[in-house]
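Enquirer: Sharing upload04.txt (compact mmCIF, C-alpha atoms) below.
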```
# COMPACT_ATOMS: atom_id res chain seq x y z
CA MET Y 1 92.14 153.40 87.56
CA LYS Y 2 93.70 152.79 84.19
CA LYS Y 3 97.16 152.69 85.72
CA ARG Y 4 96.40 149.78 88.12
CA ARG Y 5 95.22 147.34 85.51
CA PRO Y 6 98.58 145.80 84.58
CA VAL Y 7 99.17 144.91 88.25
CA LEU Y 8 95.69 143.51 88.78
CA LEU Y 9 95.78 141.19 85.80
CA PRO Y 10 98.81 139.12 86.88
CA ALA Y 11 97.46 139.03 90.43
CA LEU Y 12 94.16 137.71 89.14
CA ALA Y 13 95.94 135.12 87.00
CA LEU Y 14 97.86 133.94 90.06
CA LEU Y 15 94.67 133.62 92.10
CA ILE Y 16 93.11 131.45 89.38
CA ALA Y 17 96.28 129.39 88.97
CA LEU Y 18 96.80 128.63 92.67
CA PRO Y 19 93.68 126.58 93.48
CA ALA Y 20 94.03 124.80 90.14
CA TYR Y 21 97.49 123.61 91.16
CA ALA Y 22 96.22 121.92 94.35
CA ASP Y 23 93.85 119.58 92.49
CA ARG Y 24 95.96 118.62 89.48
CA TYR Y 25 98.05 115.45 89.62
CA PRO Y 26 98.97 114.56 86.04
CA VAL Y 27 100.86 111.26 85.77
CA PRO Y 28 104.27 111.86 84.15
CA LYS Y 29 104.84 109.75 81.02
CA ASN Y 30 106.62 106.46 81.72
CA ALA Y 31 106.34 103.40 79.50
CA PRO Y 32 107.00 100.61 82.07
CA TYR Y 33 104.57 102.20 84.55
CA GLN Y 34 101.81 102.41 81.94
CA GLU Y 35 102.52 98.88 80.75
CA GLU Y 36 102.58 97.19 84.17
CA CYS Y 37 100.42 99.37 86.43
CA ALA Y 38 97.50 100.53 84.29
CA SER Y 39 95.81 97.30 83.11
CA CYS Y 40 93.75 96.48 86.19
CA HIS Y 41 93.07 100.08 87.24
CA MET Y 42 94.01 103.62 86.16
CA ALA Y 43 97.65 104.68 86.52
CA TYR Y 44 97.51 106.31 89.97
CA PRO Y 45 99.34 109.64 90.38
CA PRO Y 46 102.77 108.99 91.96
CA GLN Y 47 102.38 112.33 93.81
CA LEU Y 48 99.69 110.90 96.12
CA LEU Y 49 101.93 108.49 98.09
CA ASP Y 50 105.37 109.12 99.54
CA ALA Y 51 108.47 107.22 98.41
CA ASN Y 52 108.38 104.73 101.30
CA SER Y 53 104.78 103.82 100.49
CA TRP Y 54 105.65 103.22 96.83
CA ARG Y 55 108.61 101.02 97.84
CA ALA Y 56 106.26 99.00 100.06
CA VAL Y 57 103.67 98.64 97.26
CA MET Y 58 106.40 97.55 94.83
CA ASN Y 59 107.79 94.98 97.29
CA GLY Y 60 104.44 93.19 97.64
CA LEU Y 61 103.23 92.76 94.05
CA PRO Y 62 102.70 88.96 94.11
CA LYS Y 63 100.06 89.59 96.82
CA HIS Y 64 98.64 92.96 95.75
CA PHE Y 65 95.23 93.72 97.31
CA GLY Y 66 94.00 90.16 96.81
CA THR Y 67 95.43 89.71 93.33
CA ASP Y 68 98.69 88.65 91.69
CA ALA Y 69 100.34 91.70 90.08
CA SER Y 70 103.88 90.25 89.79
CA VAL Y 71 106.29 92.16 87.58
CA ASP Y 72 109.68 90.77 86.55
CA GLU Y 73 112.79 92.53 87.92
CA LYS Y 74 113.66 94.01 84.53
CA HIS Y 75 110.48 96.12 84.69
CA ARG Y 76 110.07 96.42 88.46
CA VAL Y 77 113.34 98.29 89.06
CA PRO Y 78 112.67 101.19 86.63
CA ILE Y 79 109.10 101.51 87.98
CA VAL Y 80 110.36 101.83 91.58
CA ASP Y 81 112.76 104.49 90.32
CA PHE Y 82 109.98 106.35 88.49
CA LEU Y 83 107.54 106.24 91.41
CA THR Y 84 110.03 107.32 94.08
CA ARG Y 85 111.36 110.15 91.89
CA ASN Y 86 107.82 111.53 91.42
CA ALA Y 87 106.47 110.65 94.86
CA GLY Y 88 104.70 113.14 97.12
CA GLY Y 89 105.64 113.71 100.73
CA GLY Y 90 105.89 117.47 101.05
CA LYS Y 91 102.60 119.07 100.11
CA THR Y 92 100.70 115.79 100.16
CA GLY Y 93 102.12 114.78 103.55
CA VAL Y 94 103.90 111.67 104.77
CA THR Y 95 101.76 108.62 104.06
CA VAL Y 96 102.03 106.38 107.12
CA ASP Y 97 99.46 104.71 109.36
CA ALA Y 98 99.03 105.42 113.09
CA SER Y 99 101.93 103.10 113.99
CA GLY Y 100 104.25 104.76 111.46
CA LYS Y 101 104.12 101.98 108.84
CA PRO Y 102 103.95 103.09 105.19
CA LEU Y 103 100.36 103.04 103.84
CA LEU Y 104 99.79 101.11 100.62
CA ARG Y 105 96.56 102.85 99.67
CA ILE Y 106 96.09 106.45 98.52
CA SER Y 107 92.51 106.04 99.71
CA GLU Y 108 93.71 105.50 103.30
CA THR Y 109 95.98 108.54 103.50
CA ALA Y 110 95.02 111.38 105.88
CA ARG Y 111 94.76 113.77 102.96
CA PHE Y 112 92.38 111.51 101.02
CA VAL Y 113 90.19 110.95 104.08
CA ARG Y 114 90.05 114.70 104.74
CA LYS Y 115 89.13 115.56 101.14
CA HIS Y 116 86.39 112.91 101.05
CA ARG Y 117 84.94 113.19 104.58
CA GLU Y 118 81.57 114.30 103.22
CA LEU Y 119 81.06 110.98 101.41
CA SER Y 120 79.66 108.00 103.31
CA ALA Y 121 81.07 104.48 103.16
CA ALA Y 122 77.80 103.41 101.50
CA THR Y 123 78.37 105.87 98.64
CA PHE Y 124 81.78 104.34 97.91
CA LYS Y 125 80.20 100.86 97.86
CA ARG Y 126 77.54 101.67 95.22
CA ALA Y 127 77.61 99.23 92.30
CA SER Y 128 78.49 102.13 90.00
CA ILE Y 129 81.55 103.03 92.14
CA LYS Y 130 82.59 99.83 93.97
CA SER Y 131 85.56 101.27 95.86
CA PRO Y 132 87.28 104.51 96.94
CA ALA Y 133 90.16 103.36 94.70
CA ASN Y 134 87.95 103.84 91.62
CA CYS Y 135 88.83 107.53 91.30
CA GLY Y 136 87.51 107.80 87.75
CA ALA Y 137 83.98 106.82 88.78
CA CYS Y 138 83.53 110.30 90.33
CA HIS Y 139 86.44 112.38 89.01
CA THR Y 140 85.54 112.56 85.34
CA GLY Y 141 88.97 114.04 84.53
CA ALA Y 142 91.01 111.54 86.59
CA ALA Y 143 92.69 110.08 83.50
CA GLU Y 144 94.20 113.55 82.84
CA GLY Y 145 95.04 114.08 86.51
CA ASP Y 146 92.17 116.55 87.04
CA TYR Y 147 90.61 116.29 90.53
CA ASN Y 148 88.92 119.73 90.51
CA ASP Y 149 85.57 119.86 92.38
CA ASP Y 150 83.90 121.22 89.23
CA HIS Y 151 84.59 117.97 87.40
CA VAL Y 152 83.25 115.62 90.07
CA ARG Y 153 80.05 113.71 89.31
CA ILE Y 154 78.97 111.09 91.83
CA PRO Y 155 77.12 108.31 89.99
CA LYS Y 156 73.81 107.02 91.40
CA MET N 157 132.26 89.19 56.80
CA ARG N 158 130.13 86.21 55.75
CA ARG N 159 130.15 85.08 59.35
CA ILE N 160 128.87 88.45 60.62
CA GLN N 161 126.21 88.49 57.96
CA SER N 162 124.84 85.09 58.89
CA VAL N 163 124.89 85.98 62.59
CA LEU N 164 122.93 89.12 61.82
CA ILE N 165 120.40 87.24 59.72
CA THR N 166 119.93 84.61 62.42
CA ALA N 167 119.44 87.33 65.02
CA LEU N 168 116.87 89.01 62.80
CA LEU N 169 115.00 85.77 62.24
CA LEU N 170 115.02 84.99 65.95
CA SER N 171 113.77 88.44 66.91
CA THR N 172 110.93 88.44 64.38
CA ALA N 173 109.94 84.94 65.49
CA ALA N 174 109.72 86.18 69.08
CA HIS N 175 107.53 89.15 68.23
CA ALA N 176 105.27 88.37 65.28
CA GLU N 177 103.43 85.43 66.84
CA THR N 178 99.89 84.35 66.14
CA PRO N 179 97.31 82.58 68.33
CA ARG N 180 98.03 79.43 66.28
CA ASP N 181 101.75 79.61 67.20
CA PHE N 182 100.80 79.66 70.86
CA LEU N 183 98.38 76.78 70.44
CA THR N 184 101.12 74.73 68.74
CA ARG N 185 103.55 75.60 71.54
CA PHE N 186 101.14 74.63 74.35
CA GLU N 187 100.09 71.39 72.62
CA LYS N 188 103.73 70.47 72.12
CA GLU N 189 104.51 71.18 75.80
CA ALA N 190 101.46 69.16 76.87
CA GLY N 191 102.22 66.32 74.47
CA ALA N 192 98.52 66.16 73.55
CA THR N 193 96.01 68.00 71.38
CA ALA N 194 93.68 70.65 72.79
CA SER N 195 90.00 70.17 73.56
CA VAL N 196 87.73 73.14 72.81
CA GLU N 197 85.00 71.73 75.02
CA ARG N 198 87.28 71.17 78.01
CA GLY N 199 88.65 74.72 77.50
CA GLY N 200 85.13 76.18 77.69
CA ARG N 201 84.41 74.35 80.92
CA PHE N 202 87.74 75.41 82.43
CA PHE N 203 87.08 79.06 81.51
CA ALA N 204 83.72 79.15 83.30
CA SER N 205 84.50 77.15 86.45
CA LYS N 206 85.48 78.60 89.81
CA GLN N 207 87.68 75.68 90.87
CA GLY N 208 87.44 76.44 94.56
CA SER N 209 88.18 80.18 94.55
CA ASP N 210 85.93 83.26 94.34
CA TRP N 211 86.76 83.90 90.71
CA SER N 212 86.64 82.12 87.37
CA CYS N 213 88.08 83.46 84.12
CA THR N 214 84.55 84.67 83.30
CA SER N 215 84.52 86.93 86.41
CA CYS N 216 86.57 89.48 84.44
CA HIS N 217 86.44 88.25 80.83
CA THR N 218 82.69 87.33 80.81
CA GLU N 219 81.12 84.17 79.42
CA ARG N 220 81.27 85.72 75.94
CA PRO N 221 84.92 86.76 75.48
CA THR N 222 84.12 88.29 72.09
CA GLN N 223 82.59 91.07 74.23
CA PRO N 224 84.48 93.49 76.47
CA GLY N 225 84.73 92.53 80.15
CA ARG N 226 85.29 94.37 83.42
CA HIS N 227 87.77 93.76 86.22
CA VAL N 228 85.59 92.24 88.95
CA LYS N 229 87.28 94.25 91.71
CA THR N 230 88.25 97.57 90.13
CA ASP N 231 85.52 97.78 87.46
CA LYS N 232 88.05 98.80 84.79
CA PRO N 233 86.92 97.79 81.28
CA ILE N 234 88.92 94.96 79.65
CA GLN N 235 89.05 94.54 75.86
CA PRO N 236 87.73 91.21 74.46
CA LEU N 237 89.98 88.19 75.00
CA ALA N 238 88.91 86.23 71.89
CA PRO N 239 91.36 86.80 69.01
CA ALA N 240 88.45 87.08 66.54
CA ALA N 241 87.24 90.18 68.36
CA ASN N 242 90.62 91.66 69.31
CA ALA N 243 93.54 91.18 66.91
CA VAL N 244 96.28 91.96 69.46
CA ARG N 245 95.42 88.97 71.66
CA PHE N 246 97.92 86.09 71.70
CA THR N 247 100.52 87.91 69.59
CA ASP N 248 103.10 88.74 72.29
CA THR N 249 104.90 86.06 74.33
CA GLY N 250 105.75 88.37 77.21
CA LYS N 251 102.12 89.41 77.61
CA VAL N 252 100.64 85.94 77.25
CA ASP N 253 103.04 84.35 79.76
CA LYS N 254 102.66 87.23 82.23
CA TRP N 255 98.85 87.16 82.27
CA PHE N 256 98.51 83.38 82.34
CA GLY N 257 100.87 83.54 85.32
CA ARG N 258 98.93 86.22 87.21
CA ASN N 259 95.40 85.12 86.35
CA CYS N 260 95.90 81.38 86.86
CA ASN N 261 97.39 82.12 90.27
CA ASP N 262 94.35 84.27 91.16
CA VAL N 263 91.81 81.66 90.07
CA LEU N 264 93.61 78.35 90.79
CA SER N 265 96.29 79.39 93.32
CA ARG N 266 98.82 77.67 91.05
CA VAL N 267 100.19 77.92 87.51
CA CYS N 268 98.06 76.59 84.65
CA THR N 269 99.33 73.41 82.99
CA ALA N 270 100.26 73.45 79.30
CA GLN N 271 97.17 71.32 78.64
CA GLU N 272 94.89 73.86 80.36
CA LYS N 273 96.43 76.71 78.38
CA ALA N 274 96.05 74.78 75.12
CA ASP N 275 92.40 73.97 75.91
CA VAL N 276 91.48 77.56 76.89
CA LEU N 277 93.19 79.02 73.84
CA ALA N 278 91.51 76.51 71.49
CA TRP N 279 88.13 77.49 73.00
CA LEU N 280 88.90 81.23 72.73
CA MET N 281 89.94 80.78 69.08
CA ALA N 282 86.62 79.03 68.40
CA GLN N 283 84.59 82.03 69.70
CA LYS N 284 83.50 84.15 66.72
```
Once you've parsed the file, please lay out its structure as structure tokens.
Expert:
Amino acid sequence: MKKRRPVLLPALALLIALPAYADRYPVPKNAPYQEECASCHMAYPPQLLDANSWRAVMNGLPKHFGTDASVDEKHRVPIVDFLTRNAGGGKTGVTVDASGKPLLRISETARFVRKHRELSAATFKRASIKSPANCGACHTGAAEGDYNDDHVRIPK
Amino acid sequence: MRRIQSVLITALLLSTAAHAETPRDFLTRFEKEAGATASVERGGRFFASKQGSDWSCTSCHTERPTQPGRHVKTDKPIQPLAPAANAVRFTDTGKVDKWFGRNCNDVLSRVCTAQEKADVLAWLMAQK
């Protein structure tokens, strides 16, 4: 009994660490990204779209989801570089629509839809939430990249 | 040597001028570009009117810009726009030009004229 302990402890630590890894998407530090992409909404985790999706988002900023989010070339180029370097694609899956075109929204990716299938469209439209893109309305730790179930609170 | 020194001093003066700006510097600049003085009253009306689109400036910055606002679409809080309530407002040329560009396009589907910018800023500076 006493002899097995040292083996059990690391195994237990691994078990705790594994699920935690799947719901943590901290945004790596990057000054131009924070400056240009975090005024109108939170800085979304680059890991949740693939590189092609980020390129498509960054090529359409003057008409960005019904608003003008233009960024001059001096700042746009390093942001594209940052996003594509930290993009998902492997574990988070390729982010394309049914016709193979890159998706622009995290909230339309297959993975997002799967993880949120228990929530109705009406829930996302509540005045206290407004949109699936408002991650922080429900994920209280979103600003730190924490999407763990234990830290979800759906506002009324 | 003298030459290098004076170049350096000029560069220093230019760079501080570009960064340490005040709301009044911007007002002077916009009035000069417009070739006319600003009207606080016209600025207040401009700020609150929808001008044909879904949004006015008040949609995100509220009718009382000494208070915090919220982005009408994303719900993200926005710090007050009136310089009296938020000392960093109208102190950075890059920021001021960028946001007038984006927000005027969203509300008016065009750039704001120098007169409109002068009027809005004069009104914002009058909010205490």
Enquirer: Nearest to Lys284 (chain N): which of N:Ala204, N:Cys213, N:Val196, N:Ala241 is it, counting only C-alpha atoms?
Expert: N:Ala241
Enquirer: Nearest to Arg85 (chain Y) among Y:Pro155, Y:Pro46, Y:Gly145, Y:Pro132, with distances taken over only C-alpha atoms: which residue is it?
Expert: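 Selected residue with least distance to Arg85 (chain Y): Y:Pro46.
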Enquirer: With all atoms listed in the file as the atoms that count, which of Y:Val152, Y:Ser128, Y:Gln34, Y:Ala87 lies nearest to Ile106 (chain Y)?
Expert: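 Nearest candidate to Ile106 (chain Y) out of Y:Val152, Y:Ser128, Y:Gln34, Y:Ala87: Y:Ala87.
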Enquirer: Using all atoms listed in the file, which protein or nucleic acid residues come within 12 Å of Val252 (chain N)? Drop anything in the same chain fewer than 5 positions from it, and give the result as a list in words.
Expert: His175, Glu177, Thr178, Pro179, Asp181, Phe182, Leu183, Phe186, Leu237, Val244, Arg245, Phe246, Thr247, Gly257, Arg258, Asn259, Cys260, Lys273 and Leu277 of chain N
Enquirer: So, with all atoms listed in the file as the atoms that count, which of N:Thr218, N:Gln235, N:Gln283, N:Thr184 lies closest to chain Y?
Expert: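 Of N:Thr218, N:Gln235, N:Gln283, N:Thr184, the one nearest chain Y is N:Gln235, counting all atoms listed in the file.
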Enquirer: What is the distance, in Å and to one decimal place, between CA of Val71 (chain Y) and CA of Gly100 (chain Y)?
Expert: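 One can read the CA of Val71 (chain Y) to CA of Gly100 (chain Y) distance as 27.1 Å.
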Enquirer: Using only C-alpha atoms, can you tell me which of N:Asp262, N:Asp210, N:Gln271, N:Lys254 comes closest to Asp72 (chain Y)?
Expert: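 With only C-alpha atoms as the atom set, the closest residue is N:Lys254.
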Enquirer: Would you work out the distance separating CA of Lys156 (chain Y) from CA of Glu144 (chain Y), expressed in Å to one decimal?
Expert: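 Taking CA of Lys156 (chain Y) and CA of Glu144 (chain Y), their separation equals 23.1 Å.
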Enquirer: Find the residue from N:Ile234, N:Val276, N:Leu264, N:Ala240 that sits nearest to chain Y; use only C-alpha atoms when measuring.
Expert: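 Nearest to chain Y: N:Ile234.
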Enquirer: As an exercise, work out the distance from CA of Ala127 (chain Y) to CA of Glu108 (chain Y) in Å and give it to one decimal place.
Expert: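 Between CA of Ala127 (chain Y) and CA of Glu108 (chain Y) the gap works out to 20.5 Å.
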Enquirer: Need the shell around Thr230 (chain N): protein/DNA/RNA residues with any atom at most 7 Å away, counting only C-alpha atoms. Skip same-chain ones fewer than 2 positions apart. Format as a list in words?
Expert: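 Surrounding residues, per the criterion: Cys40, His41 and Asn134 of chain Y; His227, Val228 and Lys232 of chain N.
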Enquirer: For a quick test of understanding: name the residues of chain Y lying within 8 Å of chain N when counting only C-alpha atoms, and present them as a PDB file with C-alpha atoms, in the coordinates of the input.
Expert:
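Printed below is selection_25.pdb as written:
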```
ATOM      1  CA  CYS Y  40      93.750  96.480  86.190  1.00  0.00           C
ATOM      2  CA  HIS Y  41      93.070 100.080  87.240  1.00  0.00           C
ATOM      3  CA  MET Y  42      94.010 103.620  86.160  1.00  0.00           C
ATOM      4  CA  THR Y  67      95.430  89.710  93.330  1.00  0.00           C
ATOM      5  CA  ASP Y  68      98.690  88.650  91.690  1.00  0.00           C
ATOM      6  CA  ALA Y  69     100.340  91.700  90.080  1.00  0.00           C
ATOM      7  CA  SER Y  70     103.880  90.250  89.790  1.00  0.00           C
ATOM      8  CA  LYS Y 130      82.590  99.830  93.970  1.00  0.00           C
ATOM      9  CA  SER Y 131      85.560 101.270  95.860  1.00  0.00           C
ATOM     10  CA  ALA Y 133      90.160 103.360  94.700  1.00  0.00           C
ATOM     11  CA  ASN Y 134      87.950 103.840  91.620  1.00  0.00           C
TER      12      ASN Y 134
END
```
Enquirer: Step by step, gather every atom of region 227-240 of chain N that the file lists, find the box along x, y and z that holds them, add 3 Å on each side, and finally give centre and edge lengths in Å to one decimal, as AutoDock Vina command-line options.
Expert:
```
--center_x 88.4 --center_y 92.5 --center_z 79.1 --size_x 11.8 --size_y 18.6 --size_z 31.2
```
Enquirer: Since the input has fewer atoms than a full residue there, write region 248-261 of chain N out with N, CA, C and O atoms, as a tab-separated table (two decimals), in the coordinates of the input.
Expert:
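Output file selection_18.tsv follows:
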```
chain	number	residue	atom	x	y	z
N	248	ASP	N	101.90	88.26	71.59
N	248	ASP	CA	103.10	88.74	72.29
N	248	ASP	C	103.41	87.79	73.45
N	248	ASP	O	102.64	87.69	74.42
N	249	THR	N	104.54	87.08	73.33
N	249	THR	CA	104.90	86.06	74.33
N	249	THR	C	104.96	86.62	75.75
N	249	THR	O	104.45	86.01	76.68
N	250	GLY	N	105.59	87.79	75.88
N	250	GLY	CA	105.75	88.37	77.21
N	250	GLY	C	104.40	88.58	77.87
N	250	GLY	O	104.18	88.24	79.04
N	251	LYS	N	103.46	89.12	77.10
N	251	LYS	CA	102.12	89.41	77.61
N	251	LYS	C	101.35	88.14	77.96
N	251	LYS	O	100.74	88.04	79.02
N	252	VAL	N	101.39	87.18	77.04
N	252	VAL	CA	100.64	85.94	77.25
N	252	VAL	C	101.15	85.21	78.49
N	252	VAL	O	100.37	84.81	79.36
N	253	ASP	N	102.48	85.07	78.60
N	253	ASP	CA	103.04	84.35	79.76
N	253	ASP	C	102.76	85.10	81.05
N	253	ASP	O	102.42	84.50	82.08
N	254	LYS	N	102.88	86.43	81.02
N	254	LYS	CA	102.66	87.23	82.23
N	254	LYS	C	101.22	87.07	82.74
N	254	LYS	O	101.00	86.82	83.92
N	255	TRP	N	100.25	87.17	81.83
N	255	TRP	CA	98.85	87.16	82.27
N	255	TRP	C	98.36	85.76	82.61
N	255	TRP	O	97.55	85.60	83.52
N	256	PHE	N	98.85	84.74	81.90
N	256	PHE	CA	98.51	83.38	82.34
N	256	PHE	C	99.06	83.18	83.75
N	256	PHE	O	98.40	82.61	84.61
N	257	GLY	N	100.27	83.67	84.00
N	257	GLY	CA	100.87	83.54	85.32
N	257	GLY	C	100.02	84.20	86.39
N	257	GLY	O	99.62	83.56	87.38
N	258	ARG	N	99.70	85.48	86.21
N	258	ARG	CA	98.93	86.22	87.21
N	258	ARG	C	97.53	85.65	87.38
N	258	ARG	O	97.06	85.39	88.50
N	259	ASN	N	96.81	85.47	86.26
N	259	ASN	CA	95.40	85.12	86.35
N	259	ASN	C	95.18	83.68	86.81
N	259	ASN	O	94.23	83.40	87.55
N	260	CYS	N	96.04	82.76	86.38
N	260	CYS	CA	95.90	81.38	86.86
N	260	CYS	C	96.13	81.33	88.36
N	260	CYS	O	95.40	80.67	89.09
N	261	ASN	N	97.12	82.09	88.84
N	261	ASN	CA	97.39	82.12	90.27
N	261	ASN	C	96.17	82.68	91.03
N	261	ASN	O	95.80	82.16	92.09
```
